[in-house]
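**Q** Structure provided below as structure tokens; questions to follow.
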Amino acid sequence: KKSSPLSFPPPQLASPCLKPEITVLIEPTSGHPGKGACHIDSILSEFHLQQLEKLWQCIPPEEKKENKEKPCSVRSYFCDAENYLCHILSESLMSLSSFHLLNTDNDDNSSYGSSRQASQNSDETSKNRGEIEWKDNDVEKTKHHQIKKPIFFSHMRFLHYAQPGAVLCPHVDLNRVLDDGIDNNESTQRRSTHTFILYLRDCSEGGQTALLSDLSANPTTLVKVKPKRGRLLLFPHMCPHEGLEVISVPKLLLRGEVMFS
């Protein structure tokens, strides 16, 4: 029997030892469809990132159906059937007390507005990008509200950009229905609400994911997220976004869907 090139430990032993850092990109009190969008740095340990790269290398890429004039990504599809990676990502997010500010059932937005003012990042660059650093001492505001746990869907895909010049036009994402094999009743089907992008390589120039104000002919760019190894970008499916031109290659990421339950 051929041994697997991977060595993911069981989920209960796989909690990252790093301390993830969350940055809010669109505040949760906003009326924008991308409200609550954020990125988390150091979401996985270097060990786990290396294991994912090994996995990508041993998965056959999707066959190209046609010759495209412009460079584009090559996809490789992956199903986390044992939920190892899904568990690690979910538990890493839940370990962030400040993450709870983004996914609670809360009708009173005033407390979040004051929390925002108290916990903005003092770095001027972050302010110019509209990024917000939430502090853990604001977590008391979520104590009496129900916290939703992120559920990462097991079907994911690697996107590999080997050539510069690739772009992704402005769009929103479709949701995915979780097929748990229980029944086909639409009322009990679980549908994803968010997109996640896990960057596996740094890009020194280009390749950012830009969150947009809308899908008009001339939308405003709200924030640009730079590909950084170990960074997880999380945003609602209905958030308009685009992929800016890839300059530094290779660009490698893992993409999938999330729902909160």
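In the structure tokens, each chain is lettered A, B, ... as it comes, each chain's residues begin at 1, and ligands are numbered from 1 in order of appearance.
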Might you pull out every residue within 8 Å of Ser248 (chain A), with only C-alpha atoms counted and same-chain residues fewer than 4 positions away left off, and present them as a list of chain:residue names?
**A**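 My reading of the contact set: A:Pro164, A:Cys203, A:Ser204, A:Glu205, A:Gly206, A:Gly207.
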**Q** Calculated over only C-alpha atoms, which of the candidates A:His241, A:Lys149, A:His32, A:Lys251 has the smallest distance to Leu200 (chain A)?
**A** A:Lys251
**Q** Enter the distance from CA of Val258 (chain A) to CA of Leu89 (chain A), in Å, rounded to one decimal.
**A**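 According to the coordinates, CA of Val258 (chain A) and CA of Leu89 (chain A) are separated by 10.4 Å.
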**Q** Write out as an NGL selection string each polymer residue whose atoms come within 12 Å of Val246 (chain A), counting only C-alpha atoms; drop sequence neighbours fewer than 3 positions from it.
**A** :A and (70-73 or 160-168 or 202-209 or 226-227 or 242-243 or 249-252)
**Q** Kindly give the distance, in Å, that separates CA of Thr193 (chain A) and CA of Met238 (chain A), rounded to a single decimal.
**A**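 Interatomic distance here is 8.4 Å.
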**Q** Could you give me, as a list in words, the residues within 12 Å of Pro60 (chain A), counting only C-alpha atoms and dropping anything in the same chain fewer than 2 positions from it?
**A**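 Using only C-alpha atoms, the neighbours found are Leu55, Trp56, Gln57, Cys58, Glu62, Glu63, Lys64, Val74, Arg75, Ser76, Tyr77, Phe78, Arg157 and Phe158 of chain A.
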**Q** List the spatial neighbours of Pro150 (chain A) as a list in words - criterion: any atom at most 6 Å away, only C-alpha atoms, same-chain residues fewer than 2 positions off excluded.
**A**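 Here the qualifying residues turn out to be Ser90, Met259 and Phe260 of chain A.
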**Q** Keeping only all heavy atoms, take the residues you just selected and write them out as a JSON list (two decimals), in the first residue's frame.
**A**
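And here's again.json as it stands now:
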[["chain", "number", "residue", "atom", "x", "y", "z"],
["A", 90, "SER", "N", -11.77, 26.17, 11.35],
["A", 90, "SER", "CA", -12.90, 26.57, 12.19],
["A", 90, "SER", "C", -12.45, 26.85, 13.62],
["A", 90, "SER", "O", -12.81, 27.88, 14.21],
["A", 90, "SER", "CB", -13.98, 25.48, 12.17],
["A", 90, "SER", "OG", -15.07, 25.84, 13.00],
["A", 259, "MET", "N", -20.16, 28.47, 5.91],
["A", 259, "MET", "CA", -21.45, 28.92, 6.44],
["A", 259, "MET", "C", -21.32, 29.05, 7.96],
["A", 259, "MET", "O", -20.42, 28.48, 8.56],
["A", 259, "MET", "CB", -22.58, 27.95, 6.10],
["A", 259, "MET", "CG", -22.47, 26.59, 6.75],
["A", 259, "MET", "SD", -23.99, 25.61, 6.57],
["A", 259, "MET", "CE", -25.06, 26.44, 7.73],
["A", 260, "PHE", "N", -22.19, 29.85, 8.56],
["A", 260, "PHE", "CA", -22.17, 30.05, 9.99],
["A", 260, "PHE", "C", -23.42, 29.41, 10.60],
["A", 260, "PHE", "O", -24.53, 29.64, 10.13],
["A", 260, "PHE", "CB", -22.10, 31.53, 10.34],
["A", 260, "PHE", "CG", -20.77, 32.15, 10.01],
["A", 260, "PHE", "CD1", -20.54, 32.71, 8.77],
["A", 260, "PHE", "CD2", -19.75, 32.14, 10.94],
["A", 260, "PHE", "CE1", -19.31, 33.27, 8.45],
["A", 260, "PHE", "CE2", -18.52, 32.69, 10.63],
["A", 260, "PHE", "CZ", -18.30, 33.25, 9.40]]
**Q** Which one of A:Phe152, A:Glu245, A:Ile40, A:Thr29 sits closest to Ile88 (chain A) if you count only C-alpha atoms?
**A** A:Phe152
**Q** If we count only C-alpha atoms, what is near Ser42 (chain A) at a cut-off of 7 Å, once residues fewer than 3 positions away on the same chain are taken out, given as a PDB file with N, CA, C and O atoms, in the first residue's frame?
**A**
ATOM      1  N   LEU A  18       0.212  28.991  16.680  1.00  0.00           N
ATOM      2  CA  LEU A  18       0.360  30.407  16.438  1.00  0.00           C
ATOM      3  C   LEU A  18      -0.843  31.182  16.961  1.00  0.00           C
ATOM      4  O   LEU A  18      -1.895  30.615  17.252  1.00  0.00           O
ATOM      5  N   LYS A  19      -0.681  32.483  17.067  1.00  0.00           N
ATOM      6  CA  LYS A  19      -1.775  33.351  17.465  1.00  0.00           C
ATOM      7  C   LYS A  19      -2.240  34.139  16.251  1.00  0.00           C
ATOM      8  O   LYS A  19      -1.596  35.106  15.844  1.00  0.00           O
ATOM      9  N   PRO A  20      -3.360  33.750  15.648  1.00  0.00           N
ATOM     10  CA  PRO A  20      -3.846  34.468  14.460  1.00  0.00           C
ATOM     11  C   PRO A  20      -4.183  35.919  14.795  1.00  0.00           C
ATOM     12  O   PRO A  20      -4.565  36.248  15.916  1.00  0.00           O
ATOM     13  N   GLU A  21      -4.032  36.778  13.805  1.00  0.00           N
ATOM     14  CA  GLU A  21      -4.327  38.203  13.957  1.00  0.00           C
ATOM     15  C   GLU A  21      -5.395  38.593  12.942  1.00  0.00           C
ATOM     16  O   GLU A  21      -5.230  38.376  11.744  1.00  0.00           O
ATOM     17  N   SER A  45      -0.193  27.048  10.894  1.00  0.00           N
ATOM     18  CA  SER A  45       1.243  26.953  11.143  1.00  0.00           C
ATOM     19  C   SER A  45       1.971  26.682   9.839  1.00  0.00           C
ATOM     20  O   SER A  45       1.385  26.258   8.841  1.00  0.00           O
ATOM     21  N   GLY A 230      -0.256  32.147   4.436  1.00  0.00           N
ATOM     22  CA  GLY A 230      -0.913  31.923   5.715  1.00  0.00           C
ATOM     23  C   GLY A 230      -2.029  32.899   6.031  1.00  0.00           C
ATOM     24  O   GLY A 230      -2.601  32.851   7.115  1.00  0.00           O
ATOM     25  N   ARG A 231      -2.370  33.780   5.093  1.00  0.00           N
ATOM     26  CA  ARG A 231      -3.457  34.748   5.304  1.00  0.00           C
ATOM     27  C   ARG A 231      -4.769  34.174   4.789  1.00  0.00           C
ATOM     28  O   ARG A 231      -4.839  33.680   3.659  1.00  0.00           O
TER      29      ARG A 231
END
